[in-house]
Amino acid sequence: MSEDWTETYRPAGLDEVVGNPKAVQELRAWAQTWVAGKPIKKAAVLMGSPGTGKTSAALALAADFNWDVVEMNASDQRNADAIKAVALRGALGETFSEDGEYLSSKEGNLKLIVLDEADNISGREDRGGIPAIAEVVRSTKQPVILIVNDWYALSRKSSALKSGTQQIKFNRIRTVTVRGVLRRISKDRGIKITDQALRVLSENSNGDLRSAIRDLQAVAMGKQEVDEDQAAVVGFREVEQTMFQVMDDIFKSRDPILARKALLEVDETPDTKLLWIDENLPNAYRDNLDLYRGMKAVARADNFLGRVYRRQHYGFWSYANDFLSFAVCAAKQRDVRGYVRYNFPSYLIRMSRSKGNRALQANISSKLGSMIHMSAAGVRQDFLPPFKQMFQNNEEFRLHMTIKLELDVEEVAFLLDAKIDSAAVKRVMASVKKSTTHPSSQSKKSISPEPEMKKAKDGSSSKPAMCQKRLFSF
Ligand SMILES: Nc1ncnc2c1ncn2[C@@H]1O[C@H](COP(=O)(O)OP(=O)(O)OP(=O)(O)O)[C@@H](O)[C@H]1O
Ligand SMILES: [Mg+2]
């Protein structure tokens, strides 16, 4: 498996956690109350959007204080008992390795209990999870860190959690900071990267350092030089550059004919153009009446676009274009001056985020489809949900399918509803590696009562206990 730069460059100590200095300082101070033996709040909640360093900060804290870590992920069997068991064992002075093996504890040291994705639990079936967390927070003898993206979802279900924890907020990482990290990594890898490419990557990350590092790895892996043209994401940005200019031509100019020409010249579909104008018009037209008239023109353009698709009459495109440019430009009575902040259409950003997931789903479905002789669409609709359930609930099945379908780490994460860097996903990938490099150990482990299955061609067949046996046992 190739190296994962987000893991390689995970901060080793709190000093290396970039951005959010206040959060880091609060976290350190909270840990010191534990060292002093007088924690006012026994648990800390790290909240904030993805890729801002919450998990990293928790692990870095443990490293700095030389604490063992007992890590639980929402994708682990997160029910009340499991959570209590971990806290209790923590309290008794035992701890686990990532594989769930006992490790003898470092004498006298505290053990940091990290409940990652603690907000996920509320959306799940396992009732009792939230009271169990609250109970752990109340009675734990060890420091507890809850990590959440959406604190509100969790806290509104438990006032005890709200009052018993210290809440520490992680904000999105600033673009300049992200850029600094990317520059450092590039330097470390001996990659020459242009400032423009760094700017593009950091701006696209939207304050999510994990995705920025992943993007950098995607464009730079195996290269010595990266410029903006090589960055795949630059395409995205180039559109933005031209659309920026066109926005100015429409919103700021007093010349509707020029506006019309400018919009016609951009090589984008009218739908995309409409999204840009719809998104940015309110930023530009500050006068209510101007905005009203502008939006009315956008609405008319939308009507024509609808007609294009309904009647398959592409001649209507030009009307849509005219409304978006000429009419929007002419709608204002007050001049628009100075700097206007334009945004990339949020709808497109949302779509491109879910695109990753959709592509994964399609990939897995087609792999499964060719295995069970079913169309990918059919698999996606009828078969994927139960398959996912089985995949999550049966370890043997999970291992077997991961090998059989040659699932990669992203696909496993998708099927487990877990993050790519979660302990559960790592565990699966590690077992796969183990059993593919030591086929003998795998065949020893598989519980396969039927002799003919044992003789299966790759020797790694195992009986998926909770599923239709025939389907998978070839
Ligand atoms: N503040 C940071 N300082 C240094 N590296 C960071 C920081 N934030 C993120 N990273 C990098 O991004 C990776 C992912 O970050 P991390 O797992 O800590 O994010 P997170 O806040 O826990 O995200 P999520 O909510 O998705 O779990 C890390 O392995 C590290 O390489
Ligand atoms: Mg995390």
# chains A, B, ... in the order shown; residues from 1 in each chain; ligands from 1

$ residues_near_ligand --ligand "ligand 1" --cutoff "6 Å" --atoms "only C-alpha atoms and all ligand atoms" --output "PyMOL selection string"
chain A and resi 6-7+9-11+17-19+49-56+149+209-210

$ write_last_selection --atoms "C-alpha atoms" --output "JSON list (two decimals), in the first residue's frame"
[["chain", "number", "residue", "atom", "x", "y", "z"],
["A", 6, "THR", "CA", -1.51, 12.70, 6.05],
["A", 7, "GLU", "CA", -0.23, 9.99, 8.36],
["A", 9, "TYR", "CA", 2.95, 14.31, 8.49],
["A", 10, "ARG", "CA", 0.65, 13.91, 11.43],
["A", 11, "PRO", "CA", 1.93, 16.17, 14.21],
["A", 17, "VAL", "CA", -0.36, 21.19, 15.53],
["A", 18, "VAL", "CA", -0.80, 24.18, 13.29],
["A", 19, "GLY", "CA", -3.58, 26.76, 13.50],
["A", 49, "SER", "CA", -15.04, 20.68, 10.90],
["A", 50, "PRO", "CA", -13.12, 17.82, 9.28],
["A", 51, "GLY", "CA", -9.38, 17.89, 8.79],
["A", 52, "THR", "CA", -8.65, 20.65, 11.28],
["A", 53, "GLY", "CA", -6.51, 18.59, 13.60],
["A", 54, "LYS", "CA", -8.87, 17.32, 16.30],
["A", 55, "THR", "CA", -7.76, 13.71, 16.25],
["A", 56, "SER", "CA", -4.18, 14.79, 15.71],
["A", 149, "ASN", "CA", -17.98, 17.40, 14.04],
["A", 209, "LEU", "CA", -5.79, 20.42, 6.06],
["A", 210, "ARG", "CA", -6.33, 16.74, 5.54]]

$ residues_around --residues "A:Lys41" --least-positions-apart "6" --cutoff "8 Å" --atoms "only C-alpha atoms" --output "ChimeraX atom specification"
/A:30,164-166

$ write_last_selection --atoms "C-alpha atoms" --output "CSV table (one decimal), in the first residue's frame"
chain,number,residue,atom,x,y,z
A,30,TRP,CA,-7.1,20.9,30.6
A,164,GLY,CA,-19.7,17.8,32.3
A,165,THR,CA,-17.3,18.6,29.5
A,166,GLN,CA,-14.9,21.3,28.5

$ atom_distance --atom1 "atom CA of A:Ile403" --atom2 "atom CA of A:Pro385"
19.5 Å

$ closest_residue --among "A:Leu112, A:Asp119, A:Ala320, A:Ala220" --to "A:Lys157" --atoms "only C-alpha atoms"
A:Asp119

$ select_by_dssp --residues "stretch 322-410 of chain A" --states "helix (DSSP H, G or I)" --output "PyMOL selection string"
chain A and resi 322-330+346-372+376-393+395-404+409-410

$ residues_around --residues "A:Tyr292" --least-positions-apart "6" --cutoff "10 Å" --atoms "only C-alpha atoms" --output "number ranges by chain"
A: 282, 285, 298, 331-332

$ write_last_selection --atoms "C-alpha atoms" --output "short mmCIF file (atom, residue, chain, number, x, y, z; two decimals), in the first residue's frame"
data_model
loop_
_atom_site.label_atom_id
_atom_site.label_comp_id
_atom_site.auth_asym_id
_atom_site.auth_seq_id
_atom_site.Cartn_x
_atom_site.Cartn_y
_atom_site.Cartn_z
CA PRO A 282 -26.43 39.35 -3.76
CA TYR A 285 -26.02 44.41 -5.78
CA VAL A 298 -32.03 35.23 -13.24
CA ALA A 331 -31.06 45.83 -13.79
CA LYS A 332 -29.01 48.10 -11.57
#

$ atom_distance --atom1 "atom CA of A:Asp248" --atom2 "atom CA of A:Asn343"
12.6 Å

$ atom_distance --atom1 "atom CA of A:Val428" --atom2 "atom CA of A:Ile213"
23.3 Å

$ closest_residue --among "A:Gln25, A:Ser205, A:Lys419, A:Ile130" --to "A:Ala153" --atoms "only C-alpha atoms"
A:Ile130
